[in-house]
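Colleague: Sending over protein_26.cif (mmCIF, N, CA and C atoms).
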```cif
data_structure
#
loop_
_atom_site.label_atom_id
_atom_site.label_comp_id
_atom_site.auth_asym_id
_atom_site.auth_seq_id
_atom_site.Cartn_x
_atom_site.Cartn_y
_atom_site.Cartn_z
N MET Z 1 -94.81 -159.41 18.33
CA MET Z 1 -94.13 -159.96 17.18
C MET Z 1 -92.80 -159.25 17.02
N ASN Z 2 -91.76 -159.99 16.76
CA ASN Z 2 -90.42 -159.46 16.59
C ASN Z 2 -90.33 -158.70 15.27
N SER Z 3 -89.77 -157.50 15.28
CA SER Z 3 -89.74 -156.70 14.07
C SER Z 3 -88.40 -156.78 13.35
N ARG Z 4 -87.54 -157.66 13.78
CA ARG Z 4 -86.22 -157.78 13.14
C ARG Z 4 -86.28 -158.75 11.97
N PRO Z 5 -85.89 -158.29 10.76
CA PRO Z 5 -85.86 -159.21 9.63
C PRO Z 5 -84.77 -160.26 9.84
N SER Z 6 -84.91 -161.37 9.19
CA SER Z 6 -83.97 -162.47 9.35
C SER Z 6 -83.44 -162.93 8.00
N PRO Z 7 -82.63 -162.09 7.33
CA PRO Z 7 -82.19 -162.44 5.99
C PRO Z 7 -81.27 -163.65 5.94
N GLY Z 8 -80.67 -164.07 7.07
CA GLY Z 8 -79.79 -165.22 7.08
C GLY Z 8 -80.52 -166.55 7.08
N LEU Z 9 -81.81 -166.53 7.36
CA LEU Z 9 -82.60 -167.76 7.39
C LEU Z 9 -82.94 -168.19 5.97
N PRO Z 10 -83.16 -169.50 5.76
CA PRO Z 10 -83.59 -169.97 4.44
C PRO Z 10 -84.95 -169.36 4.08
N LEU Z 11 -85.17 -169.20 2.78
CA LEU Z 11 -86.41 -168.59 2.30
C LEU Z 11 -87.64 -169.34 2.79
N SER Z 12 -87.58 -170.67 2.84
CA SER Z 12 -88.73 -171.45 3.30
C SER Z 12 -89.11 -171.10 4.74
N VAL Z 13 -88.11 -170.89 5.57
CA VAL Z 13 -88.37 -170.51 6.97
C VAL Z 13 -88.93 -169.09 7.02
N ARG Z 14 -88.35 -168.20 6.23
CA ARG Z 14 -88.82 -166.81 6.21
C ARG Z 14 -90.26 -166.72 5.72
N LEU Z 15 -90.63 -167.54 4.74
CA LEU Z 15 -92.01 -167.54 4.25
C LEU Z 15 -92.97 -168.04 5.32
N ARG Z 16 -92.57 -169.05 6.08
CA ARG Z 16 -93.43 -169.55 7.16
C ARG Z 16 -93.59 -168.52 8.27
N ARG Z 17 -92.62 -167.64 8.43
CA ARG Z 17 -92.66 -166.63 9.49
C ARG Z 17 -93.44 -165.38 9.09
N LEU Z 18 -93.92 -165.32 7.86
CA LEU Z 18 -94.68 -164.14 7.43
C LEU Z 18 -95.91 -163.95 8.29
N HIS Z 19 -96.25 -162.71 8.53
CA HIS Z 19 -97.46 -162.39 9.27
C HIS Z 19 -98.62 -162.44 8.29
N ARG Z 20 -99.29 -163.59 8.26
CA ARG Z 20 -100.33 -163.83 7.25
C ARG Z 20 -101.48 -162.83 7.28
N PRO Z 21 -101.91 -162.37 8.45
CA PRO Z 21 -102.97 -161.35 8.44
C PRO Z 21 -102.55 -160.07 7.70
N THR Z 22 -101.29 -159.68 7.81
CA THR Z 22 -100.82 -158.50 7.09
C THR Z 22 -100.80 -158.77 5.58
N VAL Z 23 -100.32 -159.94 5.19
CA VAL Z 23 -100.32 -160.31 3.77
C VAL Z 23 -101.75 -160.29 3.23
N ALA Z 24 -102.68 -160.84 3.99
CA ALA Z 24 -104.09 -160.89 3.57
C ALA Z 24 -104.66 -159.47 3.46
N LEU Z 25 -104.38 -158.61 4.42
CA LEU Z 25 -104.87 -157.24 4.38
C LEU Z 25 -104.35 -156.50 3.15
N LEU Z 26 -103.06 -156.62 2.89
CA LEU Z 26 -102.48 -155.96 1.73
C LEU Z 26 -103.10 -156.48 0.43
N THR Z 27 -103.34 -157.78 0.38
CA THR Z 27 -103.95 -158.40 -0.80
C THR Z 27 -105.36 -157.86 -1.02
N VAL Z 28 -106.16 -157.81 0.04
CA VAL Z 28 -107.55 -157.32 -0.08
C VAL Z 28 -107.56 -155.86 -0.51
N VAL Z 29 -106.69 -155.06 0.05
CA VAL Z 29 -106.63 -153.65 -0.33
C VAL Z 29 -106.28 -153.52 -1.82
N ALA Z 30 -105.36 -154.33 -2.30
CA ALA Z 30 -104.98 -154.26 -3.72
C ALA Z 30 -106.11 -154.70 -4.64
N LEU Z 31 -107.00 -155.55 -4.15
CA LEU Z 31 -108.11 -156.01 -4.98
C LEU Z 31 -109.12 -154.91 -5.30
N VAL Z 32 -108.97 -153.76 -4.69
CA VAL Z 32 -109.80 -152.60 -5.03
C VAL Z 32 -109.62 -152.28 -6.52
N ARG Z 33 -108.41 -152.42 -7.00
CA ARG Z 33 -108.11 -152.06 -8.39
C ARG Z 33 -108.88 -152.91 -9.39
N PRO Z 34 -108.82 -154.26 -9.33
CA PRO Z 34 -109.61 -155.03 -10.29
C PRO Z 34 -111.12 -154.89 -10.07
N VAL Z 35 -111.54 -154.67 -8.83
CA VAL Z 35 -112.98 -154.46 -8.58
C VAL Z 35 -113.44 -153.20 -9.30
N PHE Z 36 -112.65 -152.14 -9.24
CA PHE Z 36 -112.98 -150.91 -9.97
C PHE Z 36 -113.10 -151.20 -11.46
N SER Z 37 -112.19 -152.00 -11.97
CA SER Z 37 -112.20 -152.32 -13.40
C SER Z 37 -113.41 -153.17 -13.78
N VAL Z 38 -113.68 -154.22 -13.01
CA VAL Z 38 -114.78 -155.14 -13.32
C VAL Z 38 -116.13 -154.44 -13.22
N THR Z 39 -116.28 -153.54 -12.26
CA THR Z 39 -117.56 -152.87 -12.07
C THR Z 39 -117.77 -151.69 -13.03
N GLY Z 40 -116.73 -151.34 -13.77
CA GLY Z 40 -116.85 -150.21 -14.70
C GLY Z 40 -116.51 -148.87 -14.08
N ALA Z 41 -116.16 -148.85 -12.80
CA ALA Z 41 -115.84 -147.59 -12.14
C ALA Z 41 -114.59 -146.95 -12.75
N THR Z 42 -113.65 -147.75 -13.18
CA THR Z 42 -112.44 -147.21 -13.79
C THR Z 42 -112.77 -146.45 -15.06
N ASP Z 43 -113.64 -147.03 -15.89
CA ASP Z 43 -114.04 -146.34 -17.13
C ASP Z 43 -114.85 -145.08 -16.81
N ALA Z 44 -115.73 -145.16 -15.83
CA ALA Z 44 -116.57 -144.02 -15.47
C ALA Z 44 -115.74 -142.85 -14.93
N LEU Z 45 -114.70 -143.17 -14.16
CA LEU Z 45 -113.86 -142.12 -13.57
C LEU Z 45 -112.76 -141.65 -14.51
N GLY Z 46 -112.47 -142.46 -15.52
CA GLY Z 46 -111.50 -142.05 -16.54
C GLY Z 46 -110.20 -142.81 -16.51
N ARG Z 47 -109.82 -143.23 -17.68
CA ARG Z 47 -108.52 -143.88 -17.88
C ARG Z 47 -107.58 -142.88 -18.50
N PRO Z 48 -106.33 -142.94 -18.34
CA PRO Z 48 -105.55 -143.85 -17.52
C PRO Z 48 -105.35 -143.36 -16.09
N LEU Z 49 -105.94 -142.22 -15.76
CA LEU Z 49 -105.70 -141.63 -14.43
C LEU Z 49 -106.18 -142.52 -13.30
N THR Z 50 -107.37 -143.10 -13.41
CA THR Z 50 -107.93 -143.89 -12.31
C THR Z 50 -107.05 -145.08 -11.93
N PRO Z 51 -106.64 -145.94 -12.88
CA PRO Z 51 -105.78 -147.06 -12.48
C PRO Z 51 -104.44 -146.60 -11.89
N LEU Z 52 -103.89 -145.51 -12.43
CA LEU Z 52 -102.63 -145.00 -11.90
C LEU Z 52 -102.80 -144.48 -10.48
N LEU Z 53 -103.87 -143.72 -10.26
CA LEU Z 53 -104.14 -143.18 -8.93
C LEU Z 53 -104.41 -144.30 -7.92
N LEU Z 54 -105.18 -145.30 -8.34
CA LEU Z 54 -105.44 -146.44 -7.45
C LEU Z 54 -104.15 -147.17 -7.10
N THR Z 55 -103.30 -147.39 -8.10
CA THR Z 55 -102.03 -148.07 -7.85
C THR Z 55 -101.16 -147.26 -6.89
N LEU Z 56 -101.14 -145.96 -7.07
CA LEU Z 56 -100.36 -145.09 -6.17
C LEU Z 56 -100.90 -145.15 -4.74
N LEU Z 57 -102.22 -145.07 -4.59
CA LEU Z 57 -102.82 -145.11 -3.24
C LEU Z 57 -102.62 -146.48 -2.58
N ILE Z 58 -102.78 -147.54 -3.34
CA ILE Z 58 -102.56 -148.89 -2.79
C ILE Z 58 -101.10 -149.04 -2.38
N SER Z 59 -100.19 -148.58 -3.23
CA SER Z 59 -98.76 -148.67 -2.91
C SER Z 59 -98.43 -147.89 -1.64
N LEU Z 60 -98.97 -146.70 -1.53
CA LEU Z 60 -98.74 -145.88 -0.33
C LEU Z 60 -99.27 -146.60 0.91
N PHE Z 61 -100.44 -147.22 0.80
CA PHE Z 61 -100.99 -147.98 1.92
C PHE Z 61 -100.05 -149.13 2.29
N TRP Z 62 -99.60 -149.88 1.30
CA TRP Z 62 -98.69 -151.00 1.55
C TRP Z 62 -97.41 -150.53 2.24
N ILE Z 63 -96.83 -149.46 1.72
CA ILE Z 63 -95.57 -148.95 2.27
C ILE Z 63 -95.74 -148.53 3.72
N LEU Z 64 -96.80 -147.78 4.00
CA LEU Z 64 -97.03 -147.32 5.37
C LEU Z 64 -97.44 -148.46 6.30
N ALA Z 65 -98.28 -149.37 5.81
CA ALA Z 65 -98.73 -150.48 6.64
C ALA Z 65 -97.55 -151.35 7.06
N VAL Z 66 -96.63 -151.59 6.15
CA VAL Z 66 -95.47 -152.43 6.48
C VAL Z 66 -94.39 -151.60 7.18
N GLY Z 67 -94.16 -150.40 6.69
CA GLY Z 67 -93.11 -149.56 7.26
C GLY Z 67 -93.37 -149.11 8.68
N LEU Z 68 -94.64 -148.94 9.04
CA LEU Z 68 -94.98 -148.50 10.39
C LEU Z 68 -95.34 -149.66 11.32
N SER Z 69 -95.37 -150.87 10.76
CA SER Z 69 -95.72 -152.04 11.58
C SER Z 69 -94.44 -152.69 12.12
N ARG Z 70 -94.63 -153.81 12.78
CA ARG Z 70 -93.51 -154.55 13.34
C ARG Z 70 -93.37 -155.92 12.69
N VAL Z 71 -93.84 -156.09 11.45
CA VAL Z 71 -93.71 -157.38 10.80
C VAL Z 71 -92.24 -157.75 10.68
N ARG Z 72 -91.96 -159.04 10.81
CA ARG Z 72 -90.57 -159.52 10.79
C ARG Z 72 -89.92 -159.43 9.42
N GLU Z 73 -90.71 -159.50 8.40
CA GLU Z 73 -90.17 -159.54 7.03
C GLU Z 73 -90.73 -158.37 6.22
N PRO Z 74 -90.20 -157.16 6.43
CA PRO Z 74 -90.77 -155.99 5.76
C PRO Z 74 -90.56 -155.98 4.24
N LEU Z 75 -89.61 -156.73 3.74
CA LEU Z 75 -89.44 -156.81 2.29
C LEU Z 75 -90.25 -157.97 1.71
N LEU Z 76 -90.20 -159.10 2.36
CA LEU Z 76 -90.87 -160.30 1.86
C LEU Z 76 -92.40 -160.22 2.00
N THR Z 77 -92.89 -159.51 3.00
CA THR Z 77 -94.34 -159.41 3.22
C THR Z 77 -95.06 -158.79 2.02
N PRO Z 78 -94.64 -157.62 1.52
CA PRO Z 78 -95.34 -157.09 0.35
C PRO Z 78 -95.08 -157.89 -0.93
N VAL Z 79 -93.94 -158.57 -1.03
CA VAL Z 79 -93.72 -159.44 -2.19
C VAL Z 79 -94.76 -160.57 -2.18
N ALA Z 80 -94.94 -161.19 -1.01
CA ALA Z 80 -95.95 -162.25 -0.89
C ALA Z 80 -97.34 -161.70 -1.17
N ALA Z 81 -97.61 -160.48 -0.70
CA ALA Z 81 -98.92 -159.87 -0.96
C ALA Z 81 -99.10 -159.59 -2.45
N GLY Z 82 -98.05 -159.19 -3.12
CA GLY Z 82 -98.13 -158.94 -4.55
C GLY Z 82 -98.47 -160.21 -5.33
N VAL Z 83 -97.82 -161.31 -4.97
CA VAL Z 83 -98.11 -162.58 -5.64
C VAL Z 83 -99.51 -163.06 -5.27
N ALA Z 84 -99.89 -162.92 -4.00
CA ALA Z 84 -101.24 -163.31 -3.58
C ALA Z 84 -102.29 -162.46 -4.29
N TYR Z 85 -102.01 -161.18 -4.46
CA TYR Z 85 -102.92 -160.29 -5.20
C TYR Z 85 -103.10 -160.79 -6.63
N ALA Z 86 -102.00 -161.15 -7.29
CA ALA Z 86 -102.08 -161.62 -8.67
C ALA Z 86 -102.94 -162.88 -8.77
N VAL Z 87 -102.74 -163.82 -7.84
CA VAL Z 87 -103.53 -165.04 -7.84
C VAL Z 87 -105.01 -164.73 -7.58
N ALA Z 88 -105.27 -163.86 -6.60
CA ALA Z 88 -106.65 -163.50 -6.28
C ALA Z 88 -107.32 -162.76 -7.46
N ALA Z 89 -106.57 -161.91 -8.13
CA ALA Z 89 -107.11 -161.19 -9.29
C ALA Z 89 -107.43 -162.16 -10.43
N LEU Z 90 -106.58 -163.18 -10.59
CA LEU Z 90 -106.85 -164.22 -11.59
C LEU Z 90 -108.16 -164.93 -11.29
N VAL Z 91 -108.33 -165.32 -10.04
CA VAL Z 91 -109.55 -166.03 -9.63
C VAL Z 91 -110.76 -165.11 -9.79
N LEU Z 92 -110.63 -163.87 -9.32
CA LEU Z 92 -111.73 -162.90 -9.43
C LEU Z 92 -112.13 -162.69 -10.89
N SER Z 93 -111.16 -162.55 -11.74
CA SER Z 93 -111.43 -162.37 -13.17
C SER Z 93 -112.09 -163.61 -13.76
N GLY Z 94 -111.61 -164.77 -13.37
CA GLY Z 94 -112.17 -166.02 -13.90
C GLY Z 94 -113.60 -166.26 -13.47
N VAL Z 95 -113.94 -165.79 -12.29
CA VAL Z 95 -115.30 -165.98 -11.77
C VAL Z 95 -116.24 -164.88 -12.28
N LEU Z 96 -115.79 -163.63 -12.22
CA LEU Z 96 -116.68 -162.51 -12.54
C LEU Z 96 -116.83 -162.21 -14.02
N SER Z 97 -115.77 -162.39 -14.81
CA SER Z 97 -115.90 -162.00 -16.23
C SER Z 97 -116.95 -162.81 -16.97
N PRO Z 98 -117.08 -164.13 -16.77
CA PRO Z 98 -118.16 -164.84 -17.47
C PRO Z 98 -119.56 -164.38 -17.01
N VAL Z 99 -119.68 -164.03 -15.75
CA VAL Z 99 -120.97 -163.59 -15.22
C VAL Z 99 -121.33 -162.20 -15.74
N LEU Z 100 -120.37 -161.28 -15.70
CA LEU Z 100 -120.64 -159.89 -16.07
C LEU Z 100 -120.51 -159.63 -17.56
N ALA Z 101 -119.60 -160.33 -18.23
CA ALA Z 101 -119.36 -160.05 -19.66
C ALA Z 101 -119.89 -161.16 -20.56
N GLY Z 102 -120.27 -162.27 -19.98
CA GLY Z 102 -120.79 -163.38 -20.78
C GLY Z 102 -119.72 -164.25 -21.39
N GLU Z 103 -118.46 -163.92 -21.13
CA GLU Z 103 -117.35 -164.73 -21.64
C GLU Z 103 -116.14 -164.55 -20.73
N LEU Z 104 -115.23 -165.51 -20.80
CA LEU Z 104 -114.01 -165.42 -20.02
C LEU Z 104 -113.12 -164.33 -20.59
N ARG Z 105 -112.72 -163.41 -19.74
CA ARG Z 105 -111.81 -162.33 -20.12
C ARG Z 105 -110.68 -162.27 -19.13
N GLY Z 106 -109.70 -161.46 -19.43
CA GLY Z 106 -108.59 -161.28 -18.52
C GLY Z 106 -107.49 -162.31 -18.73
N PRO Z 107 -106.61 -162.45 -17.75
CA PRO Z 107 -105.43 -163.30 -17.91
C PRO Z 107 -105.75 -164.78 -18.16
N LEU Z 108 -106.82 -165.28 -17.59
CA LEU Z 108 -107.14 -166.69 -17.82
C LEU Z 108 -107.55 -166.94 -19.27
N ALA Z 109 -108.05 -165.94 -19.95
CA ALA Z 109 -108.38 -166.07 -21.37
C ALA Z 109 -107.12 -165.97 -22.23
N ARG Z 110 -106.05 -165.44 -21.66
CA ARG Z 110 -104.76 -165.32 -22.34
C ARG Z 110 -103.69 -165.88 -21.40
N PRO Z 111 -103.55 -167.19 -21.33
CA PRO Z 111 -102.65 -167.82 -20.36
C PRO Z 111 -101.21 -167.31 -20.40
N GLN Z 112 -100.77 -166.83 -21.55
CA GLN Z 112 -99.40 -166.31 -21.64
C GLN Z 112 -99.22 -165.05 -20.78
N ALA Z 113 -100.30 -164.46 -20.32
CA ALA Z 113 -100.23 -163.26 -19.47
C ALA Z 113 -100.11 -163.59 -17.99
N ILE Z 114 -100.30 -164.85 -17.62
CA ILE Z 114 -100.32 -165.20 -16.20
C ILE Z 114 -98.95 -165.03 -15.54
N LEU Z 115 -97.90 -165.59 -16.12
CA LEU Z 115 -96.57 -165.48 -15.52
C LEU Z 115 -96.12 -164.03 -15.43
N PRO Z 116 -96.24 -163.22 -16.49
CA PRO Z 116 -95.87 -161.81 -16.35
C PRO Z 116 -96.67 -161.09 -15.27
N MET Z 117 -97.94 -161.44 -15.13
CA MET Z 117 -98.77 -160.82 -14.09
C MET Z 117 -98.23 -161.15 -12.69
N LEU Z 118 -97.87 -162.40 -12.48
CA LEU Z 118 -97.29 -162.81 -11.19
C LEU Z 118 -95.96 -162.11 -10.94
N LEU Z 119 -95.13 -162.02 -11.96
CA LEU Z 119 -93.83 -161.38 -11.81
C LEU Z 119 -93.95 -159.88 -11.55
N VAL Z 120 -94.79 -159.21 -12.32
CA VAL Z 120 -94.96 -157.76 -12.14
C VAL Z 120 -95.52 -157.46 -10.75
N SER Z 121 -96.47 -158.25 -10.30
CA SER Z 121 -97.06 -158.03 -8.97
C SER Z 121 -96.03 -158.30 -7.87
N GLY Z 122 -95.19 -159.30 -8.07
CA GLY Z 122 -94.12 -159.57 -7.10
C GLY Z 122 -93.10 -158.44 -7.06
N VAL Z 123 -92.75 -157.91 -8.22
CA VAL Z 123 -91.82 -156.78 -8.28
C VAL Z 123 -92.45 -155.54 -7.65
N TRP Z 124 -93.74 -155.32 -7.91
CA TRP Z 124 -94.45 -154.21 -7.27
C TRP Z 124 -94.35 -154.34 -5.76
N GLY Z 125 -94.56 -155.54 -5.25
CA GLY Z 125 -94.42 -155.77 -3.81
C GLY Z 125 -93.01 -155.51 -3.32
N ALA Z 126 -92.02 -155.91 -4.11
CA ALA Z 126 -90.62 -155.68 -3.71
C ALA Z 126 -90.30 -154.20 -3.64
N VAL Z 127 -90.78 -153.43 -4.61
CA VAL Z 127 -90.55 -151.97 -4.60
C VAL Z 127 -91.21 -151.36 -3.35
N CYS Z 128 -92.43 -151.79 -3.06
CA CYS Z 128 -93.11 -151.30 -1.85
C CYS Z 128 -92.34 -151.72 -0.60
N GLY Z 129 -91.80 -152.94 -0.61
CA GLY Z 129 -91.03 -153.42 0.53
C GLY Z 129 -89.77 -152.61 0.76
N VAL Z 130 -89.07 -152.27 -0.32
CA VAL Z 130 -87.87 -151.43 -0.19
C VAL Z 130 -88.25 -150.07 0.38
N CYS Z 131 -89.35 -149.52 -0.11
CA CYS Z 131 -89.82 -148.23 0.42
C CYS Z 131 -90.22 -148.35 1.90
N ALA Z 132 -90.84 -149.46 2.26
CA ALA Z 132 -91.21 -149.70 3.67
C ALA Z 132 -89.97 -149.79 4.54
N LEU Z 133 -88.91 -150.41 4.04
CA LEU Z 133 -87.64 -150.44 4.78
C LEU Z 133 -87.12 -149.02 4.99
N GLY Z 134 -87.28 -148.18 3.97
CA GLY Z 134 -86.88 -146.77 4.10
C GLY Z 134 -87.69 -146.05 5.16
N VAL Z 135 -88.99 -146.32 5.22
CA VAL Z 135 -89.84 -145.73 6.25
C VAL Z 135 -89.35 -146.16 7.63
N ARG Z 136 -89.03 -147.44 7.76
CA ARG Z 136 -88.53 -147.94 9.06
C ARG Z 136 -87.23 -147.25 9.44
N ARG Z 137 -86.35 -147.07 8.50
CA ARG Z 137 -85.08 -146.42 8.80
C ARG Z 137 -85.29 -144.95 9.18
N LEU Z 138 -86.20 -144.29 8.47
CA LEU Z 138 -86.50 -142.89 8.77
C LEU Z 138 -87.05 -142.70 10.19
N ARG Z 139 -87.86 -143.66 10.61
CA ARG Z 139 -88.44 -143.53 11.96
C ARG Z 139 -87.53 -144.16 13.02
N GLY Z 140 -86.38 -144.66 12.60
CA GLY Z 140 -85.41 -145.17 13.56
C GLY Z 140 -85.65 -146.60 13.99
N GLY Z 141 -86.54 -147.32 13.28
CA GLY Z 141 -86.81 -148.71 13.63
C GLY Z 141 -85.82 -149.65 12.98
N ALA Z 142 -85.92 -150.90 13.37
CA ALA Z 142 -85.08 -151.93 12.77
C ALA Z 142 -85.49 -152.11 11.33
N GLY Z 143 -84.56 -152.22 10.43
CA GLY Z 143 -84.87 -152.29 9.04
C GLY Z 143 -84.64 -153.60 8.47
#
```
Just dump the structure as structure tokens.
Modeller:
Amino acid sequence: MNSRPSPGLPLSVRLRRLHRPTVALLTVVALVRPVFSVTGATDALGRPLTPLLLTLLISLFWILAVGLSRVREPLLTPVAAGVAYAVAALVLSGVLSPVLAGELRGPLARPQAILPMLLVSGVWGAVCGVCALGVRRLRGGAG
């Protein structure tokens, strides 16, 4: 796979060129955070440290996974993963909260929270992508 980003291409072409297995891997790794929350592990281990630590570890994984890989779109890949994570977390919350809590909870119960969730997750991906570009530059790879 070519590791050179193609910022001159239209966004639609760049999105089609994303390495989907990497986006999927990053998304699944990020889902550790809501799983901890839904299962009660976050409360058991302590707030606010647990969610912050999980976010830091997930971010570090994303940065290294993209920064040390040869994906063509090192900035767009984690942005796509951030948005995919938000959508997956919405679905996970919608399916699990009625089963575990007996009622719908989370963003689907408060629809006004959905757009901010998508935006924040996309920005999180962009920050990780910028850091991944820095990793590539540090190791002398194409950025």
Colleague: Out of Z:Gly125, Z:Gly106, Z:Pro111, Z:Gly67, which residue has the shortest atom-to-atom distance to Pro34 (chain Z) when counting only C-alpha atoms?
Modeller: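 Of Z:Gly125, Z:Gly106, Z:Pro111, Z:Gly67, the one nearest Pro34 (chain Z), counting only C-alpha atoms, is Z:Gly106.
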Colleague: Neighbouring residues of Leu76 (chain Z) were defined as those with any atom within 8 Å, considering only N, CA and C atoms; residues of the same chain fewer than 5 positions away were excluded. Please report them as a list in words.
Modeller: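 My list of contacting residues is Arg14, Leu15, Leu18, His19, Ala81, Gly82, Gly125, Ala126, Gly129 and Val130 of chain Z.
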Colleague: For atom C of Leu64 (chain Z) and CA of Arg20 (chain Z), determine how far apart the two atoms are, in Å to one decimal place.
Modeller: 15.7 Å
Colleague: For this file, the PyMOL selection byres (((chain Z and resi 87-104 and name CA) around 12) and name CA) selects which residues, as a PyMOL selection string?
Modeller: chain Z and resi 24+26-40+80-86+105-111+113-119+121-122
Colleague: Provide the CA of Cys131 (chain Z) to atom C of Pro21 (chain Z) distance in Å, to one decimal place.
Modeller: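 Separating CA of Cys131 (chain Z) from atom C of Pro21 (chain Z) is a distance of 18.8 Å.
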Colleague: Please return as a count of residues only: the residues of chain Z that backbone DSSP assigns to helix (DSSP H, G or I).
Modeller: 106
Colleague: Which of these residues is nearest to Leu25 (chain Z), using only C-alpha atoms: Z:Thr50, Z:Thr55, Z:Ser12, Z:Thr77?
Modeller: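 Of Z:Thr50, Z:Thr55, Z:Ser12, Z:Thr77, the one nearest Leu25 (chain Z), counting only C-alpha atoms, is Z:Thr77.
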Colleague: Hey, can you check how far atom C of Leu53 (chain Z) sits from CA of Trp124 (chain Z)?
Modeller: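 Taking atom C of Leu53 (chain Z) and CA of Trp124 (chain Z), their separation equals 14.1 Å.
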Colleague: As lines of an AutoDock Vina configuration file, please: the centre and edge lengths in Å, to one decimal, of an axis-aligned box enclosing every listed atom of region 85-92 of chain Z with 8 Å added on each side.
Modeller:
```
center_x = -107.1
center_y = -163.2
center_z = -8.0
size_x = 26.1
size_y = 21.7
size_z = 23.1
```
Colleague: Where atoms are absent from region 101-115 of chain Z, fill them in so it carries N, CA, C and O atoms, then output it as an mmCIF file, keeping the file's coordinate frame.
Modeller:
```cif
data_model
loop_
_atom_site.group_PDB
_atom_site.id
_atom_site.type_symbol
_atom_site.label_atom_id
_atom_site.label_comp_id
_atom_site.auth_asym_id
_atom_site.auth_seq_id
_atom_site.Cartn_x
_atom_site.Cartn_y
_atom_site.Cartn_z
ATOM 1 N N ALA Z 101 -119.600 -160.330 -18.230
ATOM 2 C CA ALA Z 101 -119.360 -160.050 -19.660
ATOM 3 C C ALA Z 101 -119.890 -161.160 -20.560
ATOM 4 O O ALA Z 101 -119.904 -161.009 -21.776
ATOM 5 N N GLY Z 102 -120.270 -162.270 -19.980
ATOM 6 C CA GLY Z 102 -120.790 -163.380 -20.780
ATOM 7 C C GLY Z 102 -119.720 -164.250 -21.390
ATOM 8 O O GLY Z 102 -120.020 -165.208 -22.094
ATOM 9 N N GLU Z 103 -118.460 -163.920 -21.130
ATOM 10 C CA GLU Z 103 -117.350 -164.730 -21.640
ATOM 11 C C GLU Z 103 -116.140 -164.550 -20.730
ATOM 12 O O GLU Z 103 -116.048 -163.558 -20.004
ATOM 13 N N LEU Z 104 -115.230 -165.510 -20.800
ATOM 14 C CA LEU Z 104 -114.010 -165.420 -20.020
ATOM 15 C C LEU Z 104 -113.120 -164.330 -20.590
ATOM 16 O O LEU Z 104 -112.827 -164.318 -21.791
ATOM 17 N N ARG Z 105 -112.720 -163.410 -19.740
ATOM 18 C CA ARG Z 105 -111.810 -162.330 -20.120
ATOM 19 C C ARG Z 105 -110.680 -162.270 -19.130
ATOM 20 O O ARG Z 105 -110.708 -162.897 -18.086
ATOM 21 N N GLY Z 106 -109.700 -161.460 -19.430
ATOM 22 C CA GLY Z 106 -108.590 -161.280 -18.520
ATOM 23 C C GLY Z 106 -107.490 -162.310 -18.730
ATOM 24 O O GLY Z 106 -107.451 -162.994 -19.762
ATOM 25 N N PRO Z 107 -106.610 -162.450 -17.750
ATOM 26 C CA PRO Z 107 -105.430 -163.300 -17.910
ATOM 27 C C PRO Z 107 -105.750 -164.780 -18.160
ATOM 28 O O PRO Z 107 -105.011 -165.437 -18.887
ATOM 29 N N LEU Z 108 -106.820 -165.280 -17.590
ATOM 30 C CA LEU Z 108 -107.140 -166.690 -17.820
ATOM 31 C C LEU Z 108 -107.550 -166.940 -19.270
ATOM 32 O O LEU Z 108 -107.373 -168.058 -19.774
ATOM 33 N N ALA Z 109 -108.050 -165.940 -19.950
ATOM 34 C CA ALA Z 109 -108.380 -166.070 -21.370
ATOM 35 C C ALA Z 109 -107.120 -165.970 -22.230
ATOM 36 O O ALA Z 109 -107.123 -166.377 -23.381
ATOM 37 N N ARG Z 110 -106.050 -165.440 -21.660
ATOM 38 C CA ARG Z 110 -104.760 -165.320 -22.340
ATOM 39 C C ARG Z 110 -103.690 -165.880 -21.400
ATOM 40 O O ARG Z 110 -102.983 -165.123 -20.727
ATOM 41 N N PRO Z 111 -103.550 -167.190 -21.330
ATOM 42 C CA PRO Z 111 -102.650 -167.820 -20.360
ATOM 43 C C PRO Z 111 -101.210 -167.310 -20.400
ATOM 44 O O PRO Z 111 -100.524 -167.333 -19.380
ATOM 45 N N GLN Z 112 -100.770 -166.830 -21.550
ATOM 46 C CA GLN Z 112 -99.400 -166.310 -21.640
ATOM 47 C C GLN Z 112 -99.220 -165.050 -20.780
ATOM 48 O O GLN Z 112 -98.103 -164.643 -20.503
ATOM 49 N N ALA Z 113 -100.300 -164.460 -20.320
ATOM 50 C CA ALA Z 113 -100.230 -163.260 -19.470
ATOM 51 C C ALA Z 113 -100.110 -163.590 -17.990
ATOM 52 O O ALA Z 113 -99.817 -162.701 -17.182
ATOM 53 N N ILE Z 114 -100.300 -164.850 -17.620
ATOM 54 C CA ILE Z 114 -100.320 -165.200 -16.200
ATOM 55 C C ILE Z 114 -98.950 -165.030 -15.540
ATOM 56 O O ILE Z 114 -98.830 -164.383 -14.493
ATOM 57 N N LEU Z 115 -97.900 -165.590 -16.120
ATOM 58 C CA LEU Z 115 -96.570 -165.480 -15.520
ATOM 59 C C LEU Z 115 -96.120 -164.030 -15.430
ATOM 60 O O LEU Z 115 -95.654 -163.600 -14.351
#
```
